[in-house]
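Dropping run.txt in here (compact mmCIF, C-alpha atoms and all ligand atoms):
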# COMPACT_ATOMS: atom_id res chain seq x y z
CA MET I 1 0.00 0.00 0.00
CA MET I 2 2.76 2.44 0.97
CA SER I 3 4.25 2.75 -2.52
CA TYR I 4 1.19 1.63 -4.51
CA GLY I 5 0.18 3.72 -7.51
CA TYR I 6 3.14 6.12 -7.48
CA LYS I 7 5.97 6.09 -10.02
CA PRO I 8 9.04 8.07 -8.79
CA SER I 9 10.31 8.31 -12.38
CA LEU I 10 7.38 10.60 -13.23
CA SER I 11 8.36 13.01 -10.42
CA GLU I 12 12.12 13.57 -10.74
CA GLY I 13 12.79 10.43 -8.66
CA ALA I 14 11.16 11.86 -5.53
CA ILE I 15 10.65 8.96 -3.12
CA LYS I 16 7.37 10.41 -1.91
CA CYS I 17 4.56 11.63 -4.10
CA PRO I 18 4.92 15.44 -4.26
CA ILE I 19 1.98 17.78 -3.71
CA PHE I 20 0.59 18.52 -7.17
CA GLN I 21 -0.60 22.00 -6.22
CA THR I 22 -2.01 22.81 -9.61
CA SER I 23 -5.50 23.61 -10.84
CA THR I 24 -5.04 22.39 -14.40
CA PHE I 25 -2.81 20.12 -16.52
CA VAL I 26 -1.12 20.86 -19.84
CA PHE I 27 -2.08 18.53 -22.71
CA LYS I 28 0.68 17.36 -25.06
CA ASN I 29 -1.53 18.35 -27.99
CA ALA I 30 -5.18 19.09 -28.83
CA LEU I 31 -5.92 15.48 -29.79
CA GLU I 32 -4.78 14.30 -26.35
CA GLY I 33 -7.08 16.86 -24.67
CA LYS I 34 -9.97 15.70 -26.83
CA ARG I 35 -9.35 12.04 -25.96
CA PHE I 36 -9.09 12.76 -22.20
CA PHE I 37 -12.44 14.58 -22.29
CA GLU I 38 -14.10 11.74 -24.24
CA VAL I 39 -13.28 9.37 -21.38
CA ALA I 40 -14.05 11.89 -18.62
CA TYR I 41 -17.54 12.57 -20.02
CA GLY I 42 -18.22 8.89 -20.78
CA LEU I 43 -18.41 9.52 -24.54
CA ARG I 44 -16.29 6.39 -25.10
CA GLU I 45 -14.88 3.55 -23.00
CA LYS I 46 -11.20 3.66 -22.00
CA GLU I 47 -9.04 1.47 -24.26
CA THR I 48 -7.09 -1.40 -22.68
CA ASP I 49 -4.00 0.03 -20.94
CA GLU I 50 -5.13 3.61 -21.54
CA GLU I 51 -4.46 5.67 -18.40
CA THR I 52 -7.01 8.25 -17.25
CA GLY I 53 -5.65 11.58 -18.49
CA LEU I 54 -5.10 14.42 -16.07
CA ILE I 55 -7.37 17.33 -17.02
CA TYR I 56 -8.31 19.69 -14.17
CA SER I 57 -8.04 19.25 -10.38
CA ARG I 58 -11.83 19.30 -9.86
CA LEU I 59 -11.93 16.05 -11.89
CA ASN I 60 -8.66 14.41 -10.92
CA ASN I 61 -5.24 15.09 -9.49
CA PRO I 62 -2.34 12.67 -8.82
CA ASP I 63 -2.50 13.14 -5.02
CA LEU I 64 -6.20 12.34 -5.06
CA GLU I 65 -5.98 9.39 -7.44
CA ILE I 66 -3.07 7.68 -5.71
CA LEU I 67 -4.78 8.14 -2.34
CA GLU I 68 -8.01 6.65 -3.75
CA ASN I 69 -6.15 3.67 -5.19
CA ARG I 70 -4.46 3.05 -1.85
CA LEU I 71 -7.65 3.18 0.23
CA CYS I 72 -9.18 0.64 -2.22
CA LEU I 73 -6.56 -1.86 -1.04
CA TRP I 74 -7.75 -1.64 2.57
CA ASP I 75 -11.39 -2.28 1.74
CA ASN I 76 -10.76 -4.48 -1.29
CA ALA I 77 -12.94 -2.11 -3.32
CA GLU I 78 -12.91 -1.57 -7.08
CA ASP I 79 -12.91 2.20 -6.78
CA CYS I 80 -12.90 5.07 -4.31
CA ALA I 81 -13.79 8.77 -4.32
CA PHE I 82 -12.34 11.23 -1.82
CA PHE I 83 -14.16 14.36 -0.66
CA GLU I 84 -13.40 17.48 1.37
CA SER I 85 -15.43 16.10 4.30
CA GLY I 86 -17.23 13.01 5.52
CA MET I 87 -20.52 14.90 5.20
CA SER I 88 -19.83 15.69 1.54
CA ALA I 89 -19.15 11.97 0.87
CA ILE I 90 -22.42 11.00 2.60
CA SER I 91 -24.56 13.77 1.09
CA THR I 92 -23.20 13.24 -2.43
CA ALA I 93 -23.89 9.49 -2.25
CA MET I 94 -27.43 10.13 -0.98
CA MET I 95 -28.16 12.72 -3.65
CA GLU I 96 -26.79 10.50 -6.43
CA PHE I 97 -28.86 7.44 -5.54
CA MET I 98 -32.15 9.02 -4.45
CA SER I 99 -34.69 11.19 -6.26
CA PRO I 100 -37.75 13.12 -5.06
CA GLY I 101 -40.45 10.66 -4.01
CA ASP I 102 -37.96 7.96 -2.97
CA LEU I 103 -37.68 6.37 0.46
CA LEU I 104 -34.55 6.04 2.62
CA LEU I 105 -34.27 3.45 5.39
CA TYR I 106 -31.65 4.26 8.04
CA SER I 107 -30.34 2.89 11.33
CA LYS I 108 -30.47 4.76 14.63
CA PRO I 109 -28.36 6.18 16.16
CA LEU I 110 -26.49 7.99 13.39
CA TYR I 111 -23.90 10.74 13.57
CA GLY I 112 -25.86 13.94 14.31
CA GLY I 113 -24.85 15.64 11.04
CA THR I 114 -26.11 12.71 8.96
CA ASP I 115 -29.31 12.63 11.00
CA HIS I 116 -29.80 16.36 10.30
CA PHE I 117 -29.16 15.94 6.57
CA ILE I 118 -31.74 13.13 6.39
CA ASN I 119 -34.41 14.72 8.56
CA HIS I 120 -34.10 18.30 7.35
CA PHE I 121 -32.43 18.63 3.94
CA LEU I 122 -33.70 15.42 2.28
CA LYS I 123 -37.23 16.24 3.43
CA LYS I 124 -37.00 19.47 1.42
CA LEU I 125 -36.24 17.33 -1.65
CA ASN I 126 -39.35 15.24 -0.87
CA ILE I 127 -37.21 12.23 0.03
CA GLU I 128 -38.92 10.46 2.91
CA SER I 129 -37.06 8.44 5.48
CA VAL I 130 -37.82 5.78 8.04
CA GLY I 131 -35.46 4.83 10.85
CA PHE I 132 -35.01 1.57 12.72
CA MET I 133 -33.30 0.84 16.01
CA ALA I 134 -30.36 -1.48 16.57
CA GLY I 135 -31.70 -4.84 17.72
CA GLU I 136 -34.86 -4.86 15.55
CA SER I 137 -35.51 -8.02 13.57
CA LYS I 138 -35.70 -8.29 9.78
CA GLU I 139 -39.48 -8.70 10.00
CA GLN I 140 -39.88 -5.63 12.22
CA ILE I 141 -37.81 -3.49 9.85
CA ILE I 142 -39.68 -4.75 6.77
CA LYS I 143 -42.96 -3.86 8.53
CA ARG I 144 -41.67 -0.33 9.17
CA VAL I 145 -40.88 0.11 5.47
CA GLU I 146 -44.22 -1.36 4.38
CA LYS I 147 -46.09 0.92 6.79
CA THR I 148 -44.82 3.95 4.82
CA GLY I 149 -46.58 2.58 1.72
CA LYS I 150 -43.40 3.32 -0.25
CA GLY I 151 -41.61 -0.03 -0.23
CA ASN I 152 -41.52 0.11 -4.03
CA ARG I 153 -39.63 3.44 -3.78
CA LEU I 154 -36.97 2.21 -1.33
CA ALA I 155 -33.84 3.61 -2.99
CA MET I 156 -31.25 3.52 -0.25
CA ILE I 157 -30.48 1.87 3.08
CA HIS I 158 -27.92 3.80 5.11
CA ILE I 159 -26.50 2.37 8.33
CA GLU I 160 -23.81 3.19 10.84
CA THR I 161 -22.35 0.21 12.65
CA PRO I 162 -21.27 0.51 15.35
CA GLY I 163 -23.43 3.60 15.79
CA ASN I 164 -22.10 6.89 17.08
CA PRO I 165 -22.10 7.50 20.08
CA THR I 166 -23.24 4.30 21.86
CA ASN I 167 -21.53 1.57 19.78
CA ALA I 168 -24.95 0.10 18.90
CA VAL I 169 -24.35 -2.79 16.49
CA ILE I 170 -26.26 -3.30 13.25
CA ASP I 171 -26.12 -6.46 11.15
CA ILE I 172 -24.97 -5.58 7.61
CA GLU I 173 -26.06 -8.96 6.20
CA LEU I 174 -29.54 -8.50 7.64
CA CYS I 175 -29.74 -5.11 5.88
CA ALA I 176 -28.56 -6.73 2.63
CA ALA I 177 -31.42 -9.24 3.01
CA ILE I 178 -33.91 -6.39 3.51
CA LYS I 179 -32.55 -4.75 0.38
CA GLU I 180 -33.11 -8.03 -1.53
CA TYR I 181 -36.65 -8.29 -0.14
CA PHE I 182 -37.59 -4.96 -1.73
CA SER I 183 -35.60 -5.47 -4.97
CA THR I 184 -37.30 -6.14 -8.27
CA ALA I 185 -35.93 -7.13 -11.67
CA GLU I 186 -35.87 -3.43 -12.60
CA LYS I 187 -34.44 -1.83 -9.49
CA SER I 188 -32.55 -2.42 -6.30
CA ALA I 189 -31.76 -0.11 -3.38
CA VAL I 190 -28.16 0.86 -2.57
CA LEU I 191 -26.88 -0.29 0.84
CA SER I 192 -24.33 2.14 2.29
CA VAL I 193 -22.40 1.67 5.53
CA ASP I 194 -20.76 4.51 7.42
CA ASN I 195 -17.63 2.70 8.63
CA THR I 196 -16.07 5.70 10.38
CA TYR I 197 -16.07 4.11 13.85
CA MET I 198 -14.17 1.01 12.68
CA GLY I 199 -11.96 2.64 10.05
CA PRO I 200 -10.67 0.58 7.13
CA LEU I 201 -9.00 -1.85 9.54
CA TRP I 202 -11.64 -3.32 11.80
CA GLN I 203 -14.69 -3.88 9.58
CA HIS I 204 -15.07 -4.50 5.83
CA PRO I 205 -18.72 -3.85 4.95
CA LEU I 206 -18.34 -4.77 1.25
CA ARG I 207 -17.62 -8.37 2.34
CA HIS I 208 -20.97 -8.50 4.13
CA GLY I 209 -23.13 -7.32 1.24
CA ALA I 210 -22.82 -3.52 1.40
CA ASP I 211 -22.67 -1.61 -1.89
CA LEU I 212 -20.91 1.47 -0.53
CA VAL I 213 -18.54 2.13 2.36
CA LEU I 214 -18.46 5.70 3.63
CA TYR I 215 -15.89 7.35 5.86
CA SER I 216 -15.32 10.54 7.65
CA ALA I 217 -11.60 10.42 6.78
CA THR I 218 -11.24 13.22 9.31
CA LYS I 219 -11.22 10.43 11.89
CA TYR I 220 -8.96 7.31 11.86
CA ILE I 221 -7.84 7.70 8.23
CA GLY I 222 -6.49 11.23 8.81
CA GLY I 223 -5.78 10.34 12.42
CA HIS I 224 -4.05 13.53 13.58
CA SER I 225 -6.99 15.93 14.01
CA ASP I 226 -5.56 18.24 11.36
CA VAL I 227 -7.61 17.55 8.25
CA ILE I 228 -11.29 17.30 7.29
CA ALA I 229 -12.00 14.73 4.55
CA GLY I 230 -14.34 11.95 3.49
CA ALA I 231 -14.35 8.88 1.27
CA CYS I 232 -16.75 6.56 -0.49
CA LEU I 233 -15.79 3.11 -1.82
CA GLY I 234 -17.58 0.48 -3.86
CA SER I 235 -17.89 -0.99 -7.34
CA LYS I 236 -16.48 0.82 -10.37
CA GLU I 237 -20.04 1.35 -11.59
CA LEU I 238 -21.35 3.04 -8.44
CA ILE I 239 -18.23 5.11 -7.75
CA THR I 240 -18.18 6.35 -11.37
CA ARG I 241 -21.67 7.76 -10.73
CA ILE I 242 -20.54 9.33 -7.46
CA LYS I 243 -17.47 10.85 -9.08
CA GLY I 244 -19.74 12.23 -11.81
CA LEU I 245 -21.82 14.17 -9.24
CA ARG I 246 -18.66 15.13 -7.33
CA THR I 247 -17.31 16.79 -10.46
CA PHE I 248 -20.36 19.03 -10.69
CA LEU I 249 -20.74 19.72 -6.96
CA GLY I 250 -17.00 20.40 -6.87
CA ASN I 251 -16.57 18.85 -3.43
CA MET I 252 -13.53 16.67 -4.18
CA ALA I 253 -10.53 16.70 -1.83
CA GLY I 254 -7.70 18.96 -2.93
CA PRO I 255 -4.05 17.94 -3.47
CA TRP I 256 -2.88 19.08 -0.04
CA THR I 257 -5.59 16.98 1.67
CA GLY I 258 -4.64 14.06 -0.59
CA TRP I 259 -0.99 14.35 0.36
CA LEU I 260 -1.73 14.59 4.10
CA LEU I 261 -3.95 11.51 3.94
CA MET I 262 -1.38 9.47 2.00
CA ARG I 263 1.03 10.23 4.80
CA SER I 264 -1.61 9.25 7.38
CA LEU I 265 -2.36 5.92 5.68
CA GLU I 266 1.23 4.80 6.24
CA THR I 267 0.68 4.72 10.01
CA LEU I 268 -3.01 3.73 9.97
CA LYS I 269 -2.48 0.22 11.32
CA VAL I 270 0.03 1.07 14.05
CA ARG I 271 -2.09 3.97 15.26
CA MET I 272 -5.35 2.05 15.28
CA ASP I 273 -3.85 -1.04 16.92
CA GLN I 274 -2.44 1.11 19.71
CA GLN I 275 -5.71 2.99 20.16
CA ALA I 276 -7.70 -0.26 20.43
CA GLU I 277 -5.21 -1.66 22.95
CA ASN I 278 -5.45 1.51 25.05
CA ALA I 279 -9.25 1.45 24.87
CA LYS I 280 -9.30 -2.04 26.42
CA HIS I 281 -7.46 -0.73 29.50
CA VAL I 282 -9.66 2.36 29.74
CA ALA I 283 -12.84 0.25 29.51
CA GLU I 284 -11.55 -2.07 32.24
CA PHE I 285 -10.98 0.95 34.47
CA LEU I 286 -14.40 2.47 33.77
CA ASN I 287 -16.13 -0.89 34.32
CA LEU I 288 -14.95 -0.88 37.92
CA HIS I 289 -15.46 2.76 38.77
CA PRO I 290 -18.29 3.43 41.24
CA LEU I 291 -19.22 6.75 39.58
CA VAL I 292 -19.75 4.97 36.25
CA GLU I 293 -23.18 3.49 35.73
CA HIS I 294 -22.81 1.87 32.31
CA VAL I 295 -20.00 1.50 29.75
CA TYR I 296 -20.85 1.37 26.01
CA TYR I 297 -17.88 -0.51 24.54
CA LEU I 298 -17.86 -3.34 22.01
CA GLY I 299 -15.75 -5.47 24.35
CA ASN I 300 -18.51 -5.21 26.97
CA ILE I 301 -21.27 -5.98 24.47
CA SER I 302 -19.30 -9.03 23.32
CA MET I 303 -19.47 -10.34 26.90
CA ASN I 304 -22.80 -9.08 28.25
CA GLY I 305 -24.81 -8.20 25.13
CA SER I 306 -27.68 -10.13 23.58
CA PRO I 307 -26.79 -13.38 21.74
CA GLU I 308 -27.59 -11.57 18.45
CA ASP I 309 -25.20 -8.68 19.23
CA LYS I 310 -22.44 -11.09 20.28
CA GLU I 311 -22.81 -12.96 17.01
CA ILE I 312 -22.69 -9.75 14.93
CA ILE I 313 -19.54 -8.60 16.75
CA GLN I 314 -17.86 -11.95 16.05
CA ARG I 315 -18.84 -11.93 12.39
CA GLN I 316 -18.36 -8.27 11.48
CA PHE I 317 -15.63 -6.71 13.61
CA HIS I 318 -11.92 -7.52 13.89
CA SER I 319 -11.52 -5.40 17.02
CA TYR I 320 -13.57 -3.80 19.78
CA GLY I 321 -12.39 -0.42 18.47
CA ALA I 322 -11.24 2.61 20.39
CA MET I 323 -14.51 4.43 21.01
CA ILE I 324 -16.08 4.24 24.45
CA ALA I 325 -19.10 6.01 25.89
CA PHE I 326 -20.23 5.82 29.48
CA ASP I 327 -23.07 6.94 31.72
CA ILE I 328 -21.81 8.86 34.69
CA LYS I 329 -23.91 8.63 37.87
CA GLY I 330 -25.95 11.82 37.76
CA GLY I 331 -26.76 13.98 34.75
CA GLU I 332 -25.51 17.01 32.82
CA ARG I 333 -23.99 18.62 35.91
CA GLU I 334 -21.83 15.58 36.72
CA SER I 335 -20.91 15.03 33.03
CA PHE I 336 -19.81 18.65 32.69
CA GLN I 337 -17.82 18.50 35.93
CA PHE I 338 -15.99 15.46 34.60
CA LEU I 339 -15.34 17.08 31.20
CA ASP I 340 -14.23 20.40 32.71
CA ASN I 341 -11.70 18.69 34.95
CA LEU I 342 -9.89 16.67 32.28
CA LYS I 343 -6.29 17.76 31.79
CA LEU I 344 -4.63 15.46 29.26
CA ILE I 345 -7.77 14.46 27.37
CA LYS I 346 -9.09 17.36 25.34
CA LEU I 347 -12.74 18.44 25.53
CA ALA I 348 -13.50 18.40 21.80
CA VAL I 349 -15.77 16.67 19.30
CA SER I 350 -14.35 14.39 16.57
CA LEU I 351 -12.63 11.07 17.08
CA GLY I 352 -9.99 8.69 15.83
CA GLY I 353 -7.03 11.06 16.27
CA THR I 354 -3.76 10.35 18.03
CA GLU I 355 -4.86 12.37 21.07
CA SER I 356 -7.72 11.28 23.32
CA LEU I 357 -10.87 13.40 23.18
CA ALA I 358 -14.02 13.63 25.29
CA GLU I 359 -17.40 15.19 24.58
CA HIS I 360 -21.06 15.28 25.66
CA PRO I 361 -23.19 13.87 22.78
CA HIS I 362 -26.53 15.03 24.24
CA THR I 363 -25.59 18.72 24.03
CA MET I 364 -22.88 18.58 21.36
CA THR I 365 -22.61 16.12 18.43
CA HIS I 366 -26.21 14.88 18.79
CA ALA I 367 -27.77 18.12 20.11
CA ASP I 368 -30.13 18.33 17.14
CA VAL I 369 -31.45 14.73 17.21
CA ASP I 370 -35.16 14.35 18.01
CA PRO I 371 -35.47 14.28 21.85
CA LYS I 372 -37.62 11.11 21.77
CA ASP I 373 -35.02 9.34 19.61
CA LYS I 374 -32.24 10.53 21.90
CA ALA I 375 -33.96 9.05 24.94
CA ALA I 376 -34.65 5.76 23.14
CA MET I 377 -30.99 5.52 22.07
CA ASN I 378 -29.54 6.23 25.54
CA ILE I 379 -28.14 9.60 24.44
CA THR I 380 -28.96 11.22 27.76
CA GLU I 381 -27.48 14.01 29.90
CA LYS I 382 -25.32 11.47 31.74
CA LEU I 383 -23.61 10.11 28.61
CA VAL I 384 -19.96 11.01 27.95
CA ARG I 385 -18.12 9.89 24.79
CA LEU I 386 -14.40 9.16 24.70
CA SER I 387 -12.16 8.71 21.69
CA ILE I 388 -9.04 6.93 22.86
CA GLY I 389 -5.72 8.05 21.40
CA VAL I 390 -2.20 6.65 21.30
CA GLU I 391 -0.93 8.13 24.57
CA ASN I 392 0.38 5.87 27.33
CA HIS I 393 -2.80 4.22 28.59
CA GLN I 394 -1.79 4.85 32.20
CA ASP I 395 -1.78 8.59 31.53
CA ILE I 396 -5.25 8.40 29.99
CA ILE I 397 -6.59 6.42 32.94
CA GLN I 398 -4.90 8.72 35.44
CA ASP I 399 -6.62 11.70 33.81
CA ILE I 400 -10.04 10.03 33.77
CA GLY I 401 -9.56 8.98 37.39
CA GLN I 402 -8.61 12.45 38.62
CA ALA I 403 -11.48 14.09 36.67
CA LEU I 404 -13.98 11.60 38.16
CA ASP I 405 -12.53 12.35 41.61
CA ARG I 406 -13.49 15.99 41.13
CA VAL I 407 -17.12 15.20 40.36
CA THR I 408 -19.10 16.21 43.42
CA THR I 409 -22.01 13.96 44.22
CA ASN I 410 -24.26 13.95 47.26
CA SER I 411 -23.48 10.37 48.10
CA ASP I 412 -20.88 9.80 50.82
CA GLU I 413 -20.94 6.14 49.93
CA LEU I 414 -19.65 6.90 46.43
CA HIS I 415 -16.98 9.24 47.72
CA SER I 416 -15.51 6.61 49.99
CA ALA I 417 -15.95 3.77 47.47
CA ARG I 418 -14.03 5.51 44.73
CA LYS I 419 -10.93 5.89 46.90
CA LEU I 420 -10.54 2.13 46.48
CA VAL I 421 -10.36 2.28 42.69
CA PRO I 422 -6.82 1.73 41.42
CA VAL I 423 -5.64 4.37 38.95
CA GLY I 424 -3.13 3.52 36.25
C1 LIG W 1 -19.77 8.47 12.09
C2 LIG W 1 -19.55 9.79 11.40
N1 LIG W 1 -19.88 9.92 10.10
C3 LIG W 1 -19.69 11.08 9.46
C4 LIG W 1 -19.18 12.20 10.08
C5 LIG W 1 -19.01 13.49 9.32
O1 LIG W 1 -17.69 13.64 8.93
P1 LIG W 1 -16.97 15.05 8.67
O2 LIG W 1 -16.96 15.78 9.96
O3 LIG W 1 -15.62 14.66 8.16
O4 LIG W 1 -17.78 15.77 7.64
C6 LIG W 1 -18.79 12.10 11.42
C7 LIG W 1 -18.21 13.25 12.11
O5 LIG W 1 -18.08 13.29 13.32
C8 LIG W 1 -18.99 10.85 12.09
O6 LIG W 1 -18.66 10.71 13.40

Go ahead and express the file in the form of C-alpha cells.
Amino acid sequence: MMSYGYKPSLSEGAIKCPIFQTSTFVFKNALEGKRFFEVAYGLREKETDEETGLIYSRLNNPDLEILENRLCLWDNAEDCAFFESGMSAISTAMMEFMSPGDLLLYSKPLYGGTDHFINHFLKKLNIESVGFMAGESKEQIIKRVEKTGKGNRLAMIHIETPGNPTNAVIDIELCAAIKEYFSTAEKSAVLSVDNTYMGPLWQHPLRHGADLVLYSATKYIGGHSDVIAGACLGSKELITRIKGLRTFLGNMAGPWTGWLLMRSLETLKVRMDQQAENAKHVAEFLNLHPLVEHVYYLGNISMNGSPEDKEIIQRQFHSYGAMIAFDIKGGERESFQFLDNLKLIKLAVSLGGTESLAEHPHTMTHADVDPKDKAAMNITEKLVRLSIGVENHQDIIQDIGQALDRVTTNSDELHSARKLVPVG
C-alpha cells in the first residue's frame, strides 16, 4: 500500500509523491485533450492500458488518485472517491442514488450531522425516510418500510455500525437481506455503511453485502486531528456515478488533503492497533469505577450483550475499536464536571485522532437529534463519549480517574468507594 500507484520516475525520482498543487494540466496536444475529455464525459470507453488523463483538479489530481487507489486496497474495493469532508461523501452518495419521491431506510443512532441531513435537507427534496433501532428483527424493519406505503420506492439503506455514540451494532447482512426483499428485476436499493467508527482496519462492509462504504476520513484515516476529509468506496459502476456528481458539486478533496492523507495511511495500522489496545485498558478501568453506571464498549457488548449482538460482533468486527461512551452517575452537571476537569484528554468533538478526546453527545454532536429518539438511544445528559488516542494508557486512565474524583455527588458512599479504585 505504501508505494502503490506512485511512479518516482514521473516526479524527478522523488521517493514520496509530491503535492501537485495545480488547478489544471497541460495537454501534449489538442488530440490528447480531446481524448481525455471523451473518457471523462463517458463519450467512449477507456481502451485497454489507456491511463485516465489528467485534465483539471476538480476532476482528478495525482495526489487524489493515488490516495483513492491506496484506500481501495484496505477495503478491497474496485474504486474510491475522496471528498473534502465526511458529510460531503455522505450527502453526495445520498443525492446520487435518491430522487424526489424515494424512500430512505436508516439505522439509529447515526452521527448527528447525517441525521440532520436526512431529517431536514432530504425532506425538502421530498425524500422520505424511516429509521429503525439497533436490535430490531428483519421482519420488524420490513414492517416499518411497508407501513410507509413506499416499499416500491426504497432507494437507499444507510447504516452506521457501530453507531455513534453508543456503539450500537447493526447487522450488515440482515440489511442486505432487507434490500433483496424490496428489490425487483428493474431496481434495487443501494446499501451504504458509514464505517467511520471502525476505520478501514476493523470492519469490511463490502464483504458483508454492502454496496458502498463511507468514511469521515477526518477520523482514523487522517488520524491527527488536522484535516477534514471523506471517502466513499464500492464498485467501479457506483463510484463512477458518485465521481460524476462530485465533479459538478465540486466537493472533491484537494491535493494538499490528498498528500496529508497518504502520509496518514502509512501509520493507519500502528495507530489504530495502539488505540484499540489503550481502549481495552480504559474500559476495564471504567467498568470498575463506582461513579460509572454503564459502559458502552464493544468489548462489553461481546461479553454481556444479547446473543444476536455477540454474534454480529464476532462476524463483522476484527476489534472492539477505540470508542467508548459511558453513563456517569448523575446527569448534565456531573458530566460537565468530569469534562471540565480533564487535563490530558481534550474536551473536543471528533474522534480517531492520536490524542484522546471527550465530549457530551446530548448537548454537542447529537444536540439536534429528536429528543424522543435521543432518549430511546440512551443519548442522555449522563452520557460522555471518549475517543481513545495513542498516549500511554496509564496517563489516559490517570486523567479520567482524577477528573472523576473531582465530580461532586451527594453520596458519601460513592466518595468513599471511589478511593478504592486503582488508577493507572
Ligand atoms: C460516524 C460519522 N460519520 C460522518 C461524520 C461526518 O464527517 P466530517 O466531519 O468529516 O464531515 C462524522 C463526524 O463526526 C462521524 O462521526

What does the list of residues within 8 Å of ligand LIG 1 (chain W) look like if you count all atoms listed in the file, written as a JSON list (two decimals) with C-alpha atoms, in the coordinates of the input?
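And here's result.json as it stands now:
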[["chain", "number", "residue", "atom", "x", "y", "z"],
["I", 84, "GLU", "CA", -13.40, 17.48, 1.37],
["I", 85, "SER", "CA", -15.43, 16.10, 4.30],
["I", 86, "GLY", "CA", -17.23, 13.01, 5.52],
["I", 87, "MET", "CA", -20.52, 14.90, 5.20],
["I", 88, "SER", "CA", -19.83, 15.69, 1.54],
["I", 89, "ALA", "CA", -19.15, 11.97, 0.87],
["I", 90, "ILE", "CA", -22.42, 11.00, 2.60],
["I", 110, "LEU", "CA", -26.49, 7.99, 13.39],
["I", 111, "TYR", "CA", -23.90, 10.74, 13.57],
["I", 112, "GLY", "CA", -25.86, 13.94, 14.31],
["I", 113, "GLY", "CA", -24.85, 15.64, 11.04],
["I", 114, "THR", "CA", -26.11, 12.71, 8.96],
["I", 160, "GLU", "CA", -23.81, 3.19, 10.84],
["I", 163, "GLY", "CA", -23.43, 3.60, 15.79],
["I", 164, "ASN", "CA", -22.10, 6.89, 17.08],
["I", 194, "ASP", "CA", -20.76, 4.51, 7.42],
["I", 195, "ASN", "CA", -17.63, 2.70, 8.63],
["I", 196, "THR", "CA", -16.07, 5.70, 10.38],
["I", 197, "TYR", "CA", -16.07, 4.11, 13.85],
["I", 214, "LEU", "CA", -18.46, 5.70, 3.63],
["I", 215, "TYR", "CA", -15.89, 7.35, 5.86],
["I", 216, "SER", "CA", -15.32, 10.54, 7.65],
["I", 217, "ALA", "CA", -11.60, 10.42, 6.78],
["I", 218, "THR", "CA", -11.24, 13.22, 9.31],
["I", 219, "LYS", "CA", -11.22, 10.43, 11.89],
["I", 228, "ILE", "CA", -11.29, 17.30, 7.29],
["I", 229, "ALA", "CA", -12.00, 14.73, 4.55],
["I", 230, "GLY", "CA", -14.34, 11.95, 3.49],
["I", 349, "VAL", "CA", -15.77, 16.67, 19.30],
["I", 350, "SER", "CA", -14.35, 14.39, 16.57],
["I", 351, "LEU", "CA", -12.63, 11.07, 17.08],
["I", 365, "THR", "CA", -22.61, 16.12, 18.43]]

If you measure from CA of Lys28 in chain I to CA of Ser57 in chain I, what distance in Å do you get, rounded to one decimal?
17.2 Å

Using the file's own x, y and z axes, what box holds all listed atoms of range 399-405 of chain I with 6 Å on each side, keeping edges along x, y and z, and what are its centre and edge lengths in Å to one decimal, as lines of an AutoDock Vina configuration file?
center_x = -10.3
center_y = 11.5
center_z = 37.7
size_x = 19.4
size_y = 17.1
size_z = 19.8

Residue neighbourhood Arg263 in chain I, 12 Å, all atoms listed in the file, exclusion window fewer than 3 positions, as a list in words
Met1, Met2, Ser3, Lys16, Cys17, Pro18, Ile19, Asp63, Ile66, Leu67, Arg70, Ile221, Gly222, Gly223, His224, Val227, Trp256, Thr257, Gly258, Trp259, Leu260, Glu266, Thr267 and Leu268 of chain I

Point (-16.8, 10.6, 25.3), cut-off 6 Å, counting only C-alpha atoms, residues as a list in words:
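Neighbouring residues, ordered by chain and number, come to Ala325, Ala358, Glu359, Val384, Arg385 and Leu386 of chain I.
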
Per-residue nearest contacts of range 198-232 of chain I to range 178-192 of chain I (10 Å; all atoms listed in the file) as CSV:
residue,atom,partner,partner_atom,distance
I:Pro205,CA,I:Ser192,CA,8.6
I:Leu206,CA,I:Ser192,CA,9.2
I:Gly209,CA,I:Leu191,CA,8.0
I:Ala210,CA,I:Leu191,CA,5.2
I:Asp211,CA,I:Leu191,CA,5.2
I:Leu212,CA,I:Ser192,CA,4.5
I:Val213,CA,I:Ser192,CA,5.8
I:Leu214,CA,I:Ser192,CA,7.0
I:Cys232,CA,I:Ser192,CA,9.2

Using only C-alpha atoms, which residues sit within 8 Å of Ser335 in chain I once same-chain residues fewer than 2 positions away are excluded, as a PyMOL selection string?
chain I and resi 328+330-333+337-339+360+381-384

Would you kindly return, as a list in words, each protein, DNA or RNA residue with an atom no farther than 6 Å from any atom of Ile157 in chain I, considering all atoms listed in the file and excluding same-chain residues fewer than 6 positions away?
Leu104, Leu105, Tyr106 and Leu191 of chain I

Go through I:Lys108, I:Arg406, I:His393, I:Arg44 and flag the residue nearest Ala283 in chain I, using only C-alpha atoms for the distances.
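Looking only at the distances to Ala283 in chain I, the closest residue turns out to be I:His393.
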
Pick from I:Ser319, I:Gly151, I:Thr380, I:Ile397, whichever lies nearest to Glu284 in chain I using all atoms listed in the file
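Closest to Glu284 in chain I of all the choices is I:Ile397.
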
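Considering the residues I:Pro200, I:Gly353, I:Gly389, I:Pro62 and counting only C-alpha atoms, Val282 in chain I has its shortest atom-to-atom contact with I:Gly389.
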
Give me, please, the distance in Å between CA of Leu265 in chain I and CA of Glu78 in chain I, quoted to one decimal.
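Taking CA of Leu265 in chain I as the start and CA of Glu78 in chain I as the end point, the length is 18.2 Å.
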
Residue with smallest distance to Leu103 in chain I - pool I:Lys310, I:Lys269, I:Lys150, I:Lys34, counting only C-alpha atoms
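Nearest candidate to Leu103 in chain I out of I:Lys310, I:Lys269, I:Lys150, I:Lys34: I:Lys150.
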